[in-house]
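**Q** Just one file: protein06.csv, with CSV, C-alpha atoms and all ligand atoms.
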```csv
chain,number,residue,atom,x,y,z
A,24,MET,CA,99.1,109.3,133.8
A,25,ALA,CA,102.0,108.5,131.5
A,26,LYS,CA,101.1,108.0,127.9
A,27,LYS,CA,101.5,104.4,126.7
A,28,LYS,CA,104.3,104.1,124.2
A,29,LYS,CA,103.2,103.4,120.6
A,30,LEU,CA,104.4,100.1,119.1
A,31,LYS,CA,106.9,100.7,116.3
A,32,ILE,CA,106.1,98.8,113.1
A,33,ALA,CA,108.6,98.5,110.2
A,34,ILE,CA,106.9,98.9,106.8
A,35,GLN,CA,108.3,98.7,103.3
A,36,GLY,CA,107.6,102.1,101.8
A,37,ILE,CA,106.5,105.5,103.2
A,38,THR,CA,103.3,106.8,104.6
A,39,ALA,CA,100.2,106.0,102.4
A,40,SER,CA,101.9,102.9,101.1
A,41,PHE,CA,100.0,99.6,101.1
A,42,HIS,CA,102.3,98.4,103.9
A,43,GLU,CA,101.2,101.3,106.0
A,44,VAL,CA,97.5,100.5,105.4
A,45,ALA,CA,98.3,96.8,106.3
A,46,ALA,CA,100.0,97.8,109.5
A,47,PHE,CA,97.1,100.1,110.6
A,48,THR,CA,94.6,97.4,109.7
A,49,TYR,CA,96.3,94.6,111.6
A,50,PHE,CA,97.2,96.3,114.8
A,51,THR,CA,94.4,97.4,117.1
A,52,GLU,CA,96.7,99.2,119.5
A,53,ALA,CA,98.4,102.6,118.9
A,54,ILE,CA,101.2,102.2,116.5
A,55,GLU,CA,103.7,104.4,114.6
A,56,THR,CA,105.3,103.2,111.4
A,57,VAL,CA,109.0,103.0,110.6
A,58,GLU,CA,109.5,103.7,106.9
A,59,CYS,CA,112.0,101.4,105.1
A,60,LEU,CA,112.8,101.6,101.4
A,61,SER,CA,113.5,97.9,100.9
A,62,PHE,CA,112.5,94.6,102.4
A,63,HIS,CA,116.1,94.2,103.4
A,64,GLN,CA,116.0,97.5,105.3
A,65,LEU,CA,112.8,96.4,106.9
A,66,CYS,CA,114.5,93.2,108.3
A,67,GLU,CA,117.5,95.2,109.5
A,68,SER,CA,115.1,97.5,111.3
A,69,LEU,CA,113.5,94.6,113.2
A,70,LYS,CA,116.8,92.9,113.8
A,71,HIS,CA,118.5,95.9,115.4
A,72,GLY,CA,115.4,96.8,117.5
A,73,TYR,CA,114.5,100.1,115.7
A,74,SER,CA,111.0,98.5,115.4
A,75,ASP,CA,109.0,96.1,117.6
A,76,TYR,CA,107.4,94.3,114.6
A,77,ALA,CA,107.6,94.3,110.8
A,78,VAL,CA,104.9,93.9,108.3
A,79,MET,CA,106.1,92.2,105.1
A,80,ALA,CA,104.1,91.5,101.8
A,81,ILE,CA,104.7,87.9,100.8
A,82,GLU,CA,102.3,87.2,97.9
A,83,ASN,CA,99.7,88.8,95.7
A,84,SER,CA,96.7,87.2,94.1
A,85,ILE,CA,97.6,88.5,90.6
A,86,ALA,CA,101.4,88.9,90.7
A,87,GLY,CA,102.2,85.8,92.8
A,88,SER,CA,104.9,85.1,95.4
A,89,ILE,CA,107.5,87.7,96.3
A,90,LEU,CA,110.3,85.2,96.1
A,91,PRO,CA,113.1,87.3,97.6
A,92,ASN,CA,111.1,87.6,100.8
A,93,TYR,CA,111.1,83.8,101.2
A,94,PHE,CA,114.9,84.1,101.3
A,95,LEU,CA,114.7,86.9,103.9
A,96,LEU,CA,112.5,84.7,106.1
A,97,GLN,CA,115.1,82.0,106.0
A,98,ASP,CA,118.0,84.3,106.6
A,99,TYR,CA,116.8,86.4,109.4
A,100,HIS,CA,115.1,83.7,111.6
A,101,PHE,CA,112.3,86.0,112.7
A,102,SER,CA,109.0,84.5,113.9
A,103,ILE,CA,105.8,84.9,111.9
A,104,ILE,CA,103.2,85.9,114.5
A,105,GLY,CA,100.3,86.9,112.2
A,106,GLU,CA,99.0,87.4,108.7
A,107,LEU,CA,96.7,89.7,106.9
A,108,TYR,CA,95.0,89.7,103.5
A,109,LEU,CA,94.5,93.2,102.3
A,110,PRO,CA,92.3,94.1,99.3
A,111,ILE,CA,94.4,96.0,96.8
A,112,HIS,CA,92.9,98.7,94.6
A,113,MET,CA,95.3,100.4,92.2
A,114,ASN,CA,94.8,103.9,90.8
A,115,LEU,CA,96.7,106.0,88.3
A,116,LEU,CA,97.6,109.3,90.0
A,117,ALA,CA,98.8,112.5,88.4
A,118,LEU,CA,99.0,116.3,89.0
A,119,PRO,CA,95.6,118.0,89.0
A,120,GLY,CA,94.6,119.0,85.5
A,121,THR,CA,96.6,116.3,83.7
A,122,LYS,CA,95.0,114.2,81.0
A,123,LEU,CA,95.8,110.5,80.3
A,124,SER,CA,97.2,111.6,76.9
A,125,ASP,CA,99.8,113.8,78.6
A,126,ILE,CA,101.3,110.8,80.4
A,127,LYS,CA,104.7,109.7,79.0
A,128,THR,CA,106.0,107.8,82.1
A,129,ILE,CA,104.3,105.6,84.7
A,130,GLU,CA,106.1,104.7,87.8
A,131,SER,CA,105.5,102.4,90.8
A,132,HIS,CA,106.6,99.5,92.9
A,133,PRO,CA,107.3,96.4,90.7
A,134,MET,CA,104.6,94.4,92.4
A,135,ALA,CA,102.1,97.1,91.7
A,136,ILE,CA,103.2,97.3,88.0
A,137,ARG,CA,102.7,93.6,87.7
A,138,GLN,CA,99.2,93.8,89.1
A,139,CYS,CA,98.2,96.4,86.4
A,140,SER,CA,99.8,94.7,83.4
A,141,ASP,CA,96.6,94.5,81.3
A,142,PHE,CA,96.0,98.2,81.7
A,143,LEU,CA,99.6,99.1,81.0
A,144,HIS,CA,99.7,97.0,77.9
A,145,SER,CA,96.7,98.9,76.6
A,146,LEU,CA,98.7,102.1,76.6
A,147,ASN,CA,101.0,103.0,73.7
A,148,GLY,CA,104.4,104.7,74.0
A,149,VAL,CA,104.4,105.0,77.7
A,150,GLU,CA,107.6,104.2,79.6
A,151,ILE,CA,107.1,102.1,82.7
A,152,ARG,CA,109.6,102.8,85.5
A,153,GLU,CA,110.1,100.7,88.7
A,154,SER,CA,110.4,102.5,92.1
A,155,ASP,CA,110.8,101.5,95.7
A,156,ASP,CA,107.3,102.2,96.7
A,157,THR,CA,103.8,103.2,95.3
A,158,ALA,CA,103.4,106.1,97.7
A,159,LEU,CA,106.9,107.3,97.1
A,160,SER,CA,106.2,107.5,93.4
A,161,ALA,CA,103.1,109.6,94.1
A,162,ARG,CA,105.1,111.9,96.4
A,163,ARG,CA,107.7,112.3,93.7
A,164,VAL,CA,105.1,113.3,91.1
A,165,LYS,CA,103.9,116.0,93.4
A,166,GLU,CA,107.1,117.3,94.8
A,167,LEU,CA,108.9,117.4,91.5
A,168,LYS,CA,105.8,118.7,89.7
A,169,LEU,CA,106.2,115.9,87.1
A,170,LYS,CA,103.6,116.9,84.4
A,171,ASN,CA,104.1,113.9,82.2
A,172,THR,CA,104.5,111.2,84.9
A,173,ALA,CA,101.8,109.3,86.7
A,174,ALA,CA,102.1,107.0,89.7
A,175,ILE,CA,100.3,103.8,90.4
A,176,ALA,CA,99.2,104.0,94.1
A,177,ASN,CA,96.2,103.8,96.4
A,178,GLU,CA,93.6,106.5,97.1
A,179,PHE,CA,95.2,107.5,100.4
A,180,ALA,CA,98.3,108.5,98.5
A,181,ALA,CA,96.2,110.6,96.1
A,182,LYS,CA,94.7,112.4,99.1
A,183,LYS,CA,97.9,112.7,101.1
A,184,PHE,CA,99.9,114.2,98.2
A,185,GLY,CA,97.1,116.2,96.5
A,186,LEU,CA,97.0,114.2,93.3
A,187,GLN,CA,94.2,113.6,90.9
A,188,ILE,CA,93.0,110.1,90.2
A,189,LEU,CA,93.2,109.7,86.4
A,190,GLU,CA,92.0,106.1,86.2
A,191,LYS,CA,90.4,104.1,89.0
A,192,ARG,CA,90.8,100.4,89.8
A,193,ILE,CA,93.4,99.5,87.1
A,194,GLU,CA,94.3,96.2,88.7
A,195,THR,CA,94.0,93.3,86.2
A,196,HIS,CA,91.4,91.5,88.3
A,197,LYS,CA,89.1,93.3,90.8
A,198,LYS,CA,89.4,90.5,93.4
A,199,ASN,CA,93.0,91.5,94.1
A,200,PHE,CA,94.6,91.0,97.5
A,201,THR,CA,98.1,90.9,99.0
A,202,ARG,CA,99.0,88.7,101.9
A,203,PHE,CA,101.2,90.3,104.5
A,204,LEU,CA,103.1,88.6,107.3
A,205,VAL,CA,103.6,90.1,110.7
A,206,LEU,CA,107.1,89.4,112.0
A,207,ALA,CA,108.6,89.6,115.5
A,208,LYS,CA,112.1,88.8,116.7
A,209,ARG,CA,110.7,86.1,118.9
A,210,ALA,CA,107.7,83.8,118.9
A,211,ASP,CA,104.7,84.9,121.0
A,212,ARG,CA,103.7,81.8,123.0
A,213,LYS,CA,100.4,83.4,124.0
A,214,ILE,CA,99.1,83.2,120.4
A,215,GLU,CA,96.3,80.7,119.8
A,216,SER,CA,97.5,79.3,116.5
A,217,ASN,CA,95.8,77.3,113.8
A,218,LYS,CA,98.2,77.9,111.0
A,219,ALA,CA,102.0,77.5,110.5
A,220,SER,CA,104.7,78.3,108.0
A,221,MET,CA,107.8,76.2,107.7
A,222,CYS,CA,110.5,75.2,105.3
A,223,PHE,CA,112.5,72.0,104.8
A,224,GLU,CA,114.6,70.1,102.4
A,225,VAL,CA,113.9,66.6,101.0
A,226,ALA,CA,116.2,64.0,99.5
A,227,ASN,CA,116.3,64.1,95.7
A,228,GLU,CA,114.6,60.6,95.5
A,229,VAL,CA,111.4,59.3,94.2
A,230,GLY,CA,108.4,60.3,96.4
A,231,SER,CA,110.3,62.0,99.2
A,232,LEU,CA,108.3,65.2,99.0
A,233,ALA,CA,105.1,63.3,98.3
A,234,ASP,CA,105.7,61.2,101.5
A,235,ALA,CA,106.1,64.3,103.7
A,236,LEU,CA,103.0,65.9,102.2
A,237,THR,CA,101.1,62.6,102.7
A,238,THR,CA,101.9,62.8,106.4
A,239,PHE,CA,100.1,66.1,106.6
A,240,LYS,CA,97.2,64.7,104.7
A,241,ASP,CA,97.0,61.6,107.0
A,242,ASN,CA,96.8,63.9,110.0
A,243,ARG,CA,94.0,66.0,108.4
A,244,ILE,CA,96.3,69.0,108.0
A,245,ASN,CA,95.3,71.3,105.2
A,246,LEU,CA,98.1,72.6,102.9
A,247,THR,CA,97.4,76.2,101.9
A,248,LYS,CA,100.6,77.1,100.1
A,249,ILE,CA,103.7,75.4,98.6
A,250,GLN,CA,106.7,77.3,97.2
A,251,SER,CA,110.0,75.9,96.2
A,252,ILE,CA,113.0,78.1,96.9
A,253,PRO,CA,116.3,77.6,95.1
A,254,ILE,CA,119.2,76.7,97.4
A,255,ILE,CA,122.0,79.1,96.4
A,256,GLY,CA,125.1,77.3,95.4
A,257,ARG,CA,123.3,73.9,94.9
A,258,PRO,CA,121.8,74.2,91.4
A,259,SER,CA,118.6,72.2,90.9
A,260,GLU,CA,118.2,71.8,94.7
A,261,TYR,CA,115.3,73.4,96.5
A,262,SER,CA,114.1,74.2,99.9
A,263,ILE,CA,110.3,73.7,100.2
A,264,HIS,CA,108.2,76.3,102.0
A,265,ILE,CA,104.7,75.3,103.0
A,266,ASP,CA,101.9,76.9,104.9
A,267,VAL,CA,99.5,74.5,106.7
A,268,GLU,CA,96.4,74.9,108.8
A,269,TRP,CA,94.5,72.7,111.3
A,270,ARG,CA,91.4,72.4,113.3
A,271,ARG,CA,92.9,70.3,116.1
A,272,ARG,CA,96.3,71.2,117.5
A,273,LYS,CA,97.0,67.5,118.3
A,274,ASN,CA,96.8,66.7,114.5
A,275,TYR,CA,99.5,69.3,113.8
A,276,ASP,CA,101.7,68.1,116.6
A,277,ASP,CA,101.4,64.4,115.5
A,278,ALA,CA,102.1,65.4,111.9
A,279,MET,CA,105.2,67.4,112.9
A,280,SER,CA,106.7,64.7,114.9
A,281,ALA,CA,106.4,62.3,111.9
A,282,VAL,CA,107.6,64.9,109.3
A,283,MET,CA,110.6,65.7,111.4
A,284,ARG,CA,111.9,62.2,110.6
A,285,GLN,CA,111.1,62.5,106.9
A,286,VAL,CA,112.8,65.8,105.9
A,287,LYS,CA,116.1,67.6,106.5
A,288,ASN,CA,116.7,71.1,108.0
A,289,LEU,CA,113.1,71.6,109.1
A,290,ASN,CA,112.6,75.2,110.2
A,291,VAL,CA,109.2,76.3,111.6
A,292,LEU,CA,109.0,80.0,110.7
A,293,GLY,CA,106.0,80.7,112.8
A,294,GLU,CA,102.7,79.5,114.3
A,295,TYR,CA,99.9,82.0,114.2
A,296,LYS,CA,96.2,82.7,113.7
A,297,LYS,CA,94.9,82.2,110.1
A,298,ALA,CA,93.4,85.4,108.6
A,299,LYS,CA,90.2,85.7,106.6
A,300,VAL,CA,90.2,86.8,103.0
A,301,GLU,CA,87.5,89.5,102.8
A,302,TYR,CA,86.8,91.1,99.5
A,303,LYS,CA,85.4,94.6,99.4
B,401,LIG,O1,104.5,99.9,97.3
B,401,LIG,C1,103.7,99.8,98.2
B,401,LIG,O2,102.8,100.6,98.5
B,401,LIG,C2,103.8,98.6,99.0
B,401,LIG,O3,103.4,98.6,100.2
B,401,LIG,C3,104.5,97.3,98.5
B,401,LIG,C4,103.5,96.3,97.8
B,401,LIG,C5,104.2,94.9,97.7
B,401,LIG,O4,105.3,94.8,98.1
B,401,LIG,O5,103.6,94.1,97.1
B,401,LIG,C6,102.4,96.1,98.8
B,401,LIG,C7,101.2,95.8,98.3
B,401,LIG,C8,100.9,95.8,96.8
B,401,LIG,O6,100.9,94.4,96.4
B,401,LIG,C9,101.9,96.5,96.0
B,401,LIG,C10,103.1,96.8,96.5
```
Rewrite the structure of this file - the entire thing - as structure tokens.
**A**
Amino acid sequence: MAKKKKLKIAIQGITASFHEVAAFTYFTEAIETVECLSFHQLCESLKHGYSDYAVMAIENSIAGSILPNYFLLQDYHFSIIGELYLPIHMNLLALPGTKLSDIKTIESHPMAIRQCSDFLHSLNGVEIRESDDTALSARRVKELKLKNTAAIANEFAAKKFGLQILEKRIETHKKNFTRFLVLAKRADRKIESNKASMCFEVANEVGSLADALTTFKDNRINLTKIQSIPIIGRPSEYSIHIDVEWRRRKNYDDAMSAVMRQVKNLNVLGEYKKAKVEYK
């Protein structure tokens, strides 16, 4: 029997990155990951068909929204077909035999650095360097035998690249999670959805945003996220991104047909199944 082809999933970062963990956690079928060293590259991979889906971090419970990714969602017109909340545990990794006092430089992905700011502020005289990916930083320490550099990454990266964990769980708050979106080129009509993401613009007038949000409230639609996104070239004007969830589909449909008349440039970015936040 012919072997079933594995789904190709674009991830930001390399093997053992948090994106790879997110991809293997979300998909139950056989997958292979397509490594991308930026979120822009990840979108290009999906756009040109080098991957079937993409997994994209969108917000973190310590570091907040990844604003550039909201722009990418608007620009690429992909469909959000799912989401995942992944618990994030950060570790400081170094070559075996290294002591914390040997470390002169710490490098990692900027979102990882922001999640460990309390720990990093407690160190003196250590240079913090941003990289494209947590796992890539770990691999660099190993491959270049960097004796005075440590990487912030997960425990899989420690194992994969043969590094020692110098400090465990250095995230500023132990209940730390990153929300990832699963993107496809087209919407999947088979998905039984109870959550949606959308963006729109409102007139710069008293109450225009409040009116639109009240429409959701009146239809018993729960707002789970609101993010304003600057409109480039129109200073002080914003596009509003919201995530909403519902119990009864009819409530959502009713709210949408009313909201459509209250806002401009309404763009539904995806309807999908809401994920649970499970702390470990
Ligand atoms: O560097 C990684 O390992 C990533 O997968 C990127 C990323 C991010 O973009 O937020 C993913 C999860 C964590 O929040 C830290 C970094």
**Q** Give the residues close to ligand LIG 401 (chain B), within 7 Å, counting only C-alpha atoms and all ligand atoms; write them as a VMD selection string.
**A** chain A and resid 35 to 36 40 to 43 80 83 111 132 134 to 135 155 to 158 176 201
**Q** Neighbouring residues of stretch 237-239 of chain A were defined as those with any atom within 10 Å, considering only C-alpha atoms; residues of the same chain fewer than 3 positions away were excluded. Please report them as a PyMOL selection string.
**A** chain A and resi 230-234+242-246+267-269+274-275+277-282+285
**Q** Save the residues we just selected, C-alpha atoms, as a compact mmCIF listing (two decimals), keeping the file's coordinate frame?
**A**
```
# COMPACT_ATOMS: atom_id res chain seq x y z
CA GLY A 230 108.40 60.30 96.40
CA SER A 231 110.30 62.00 99.20
CA LEU A 232 108.30 65.20 99.00
CA ALA A 233 105.10 63.30 98.30
CA ASP A 234 105.70 61.20 101.50
CA ASN A 242 96.80 63.90 110.00
CA ARG A 243 94.00 66.00 108.40
CA ILE A 244 96.30 69.00 108.00
CA ASN A 245 95.30 71.30 105.20
CA LEU A 246 98.10 72.60 102.90
CA VAL A 267 99.50 74.50 106.70
CA GLU A 268 96.40 74.90 108.80
CA TRP A 269 94.50 72.70 111.30
CA ASN A 274 96.80 66.70 114.50
CA TYR A 275 99.50 69.30 113.80
CA ASP A 277 101.40 64.40 115.50
CA ALA A 278 102.10 65.40 111.90
CA MET A 279 105.20 67.40 112.90
CA SER A 280 106.70 64.70 114.90
CA ALA A 281 106.40 62.30 111.90
CA VAL A 282 107.60 64.90 109.30
CA GLN A 285 111.10 62.50 106.90
```
**Q** In Å, with one decimal, what is the gap from atom CA of A:Tyr99 to atom CA of A:Leu206?
**A**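 That distance, rounded to one decimal, is 10.5 Å.
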**Q** Can you pull out the residues contacting stretch 101-110 of chain A? Cut-off 8 Å, using all atoms listed in the file, and skip same-chain residues under 4 positions away; I want them as an mmCIF file with C-alpha atoms, in the coordinates of the input.
**A**
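This went into result-v3.cif:
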```cif
data_model
loop_
_atom_site.group_PDB
_atom_site.id
_atom_site.type_symbol
_atom_site.label_atom_id
_atom_site.label_comp_id
_atom_site.auth_asym_id
_atom_site.auth_seq_id
_atom_site.Cartn_x
_atom_site.Cartn_y
_atom_site.Cartn_z
ATOM 1 C CA ALA A 45 98.300 96.800 106.300
ATOM 2 C CA TYR A 49 96.300 94.600 111.600
ATOM 3 C CA LEU A 96 112.500 84.700 106.100
ATOM 4 C CA LYS A 198 89.400 90.500 93.400
ATOM 5 C CA ASN A 199 93.000 91.500 94.100
ATOM 6 C CA PHE A 200 94.600 91.000 97.500
ATOM 7 C CA THR A 201 98.100 90.900 99.000
ATOM 8 C CA ARG A 202 99.000 88.700 101.900
ATOM 9 C CA PHE A 203 101.200 90.300 104.500
ATOM 10 C CA LEU A 204 103.100 88.600 107.300
ATOM 11 C CA VAL A 205 103.600 90.100 110.700
ATOM 12 C CA LEU A 206 107.100 89.400 112.000
ATOM 13 C CA ALA A 207 108.600 89.600 115.500
ATOM 14 C CA LYS A 208 112.100 88.800 116.700
ATOM 15 C CA ARG A 209 110.700 86.100 118.900
ATOM 16 C CA ALA A 210 107.700 83.800 118.900
ATOM 17 C CA ASP A 211 104.700 84.900 121.000
ATOM 18 C CA ILE A 214 99.100 83.200 120.400
ATOM 19 C CA SER A 220 104.700 78.300 108.000
ATOM 20 C CA LEU A 292 109.000 80.000 110.700
ATOM 21 C CA GLY A 293 106.000 80.700 112.800
ATOM 22 C CA GLU A 294 102.700 79.500 114.300
ATOM 23 C CA TYR A 295 99.900 82.000 114.200
ATOM 24 C CA LYS A 296 96.200 82.700 113.700
ATOM 25 C CA LYS A 297 94.900 82.200 110.100
ATOM 26 C CA ALA A 298 93.400 85.400 108.600
ATOM 27 C CA LYS A 299 90.200 85.700 106.600
ATOM 28 C CA VAL A 300 90.200 86.800 103.000
ATOM 29 C CA GLU A 301 87.500 89.500 102.800
ATOM 30 C CA TYR A 302 86.800 91.100 99.500
ATOM 31 C CA LYS A 303 85.400 94.600 99.400
#
```
**Q** Mind pulling up the distance from atom CA of A:Val57 to atom CA of A:Thr128?
**A** 29.1 Å
**Q** If you count only C-alpha atoms, which residues fall within 10 Å of A:Phe47, apart from same-chain ones fewer than 6 positions away, as a VMD selection string?
**A** chain A and resid 32 41 53 to 56
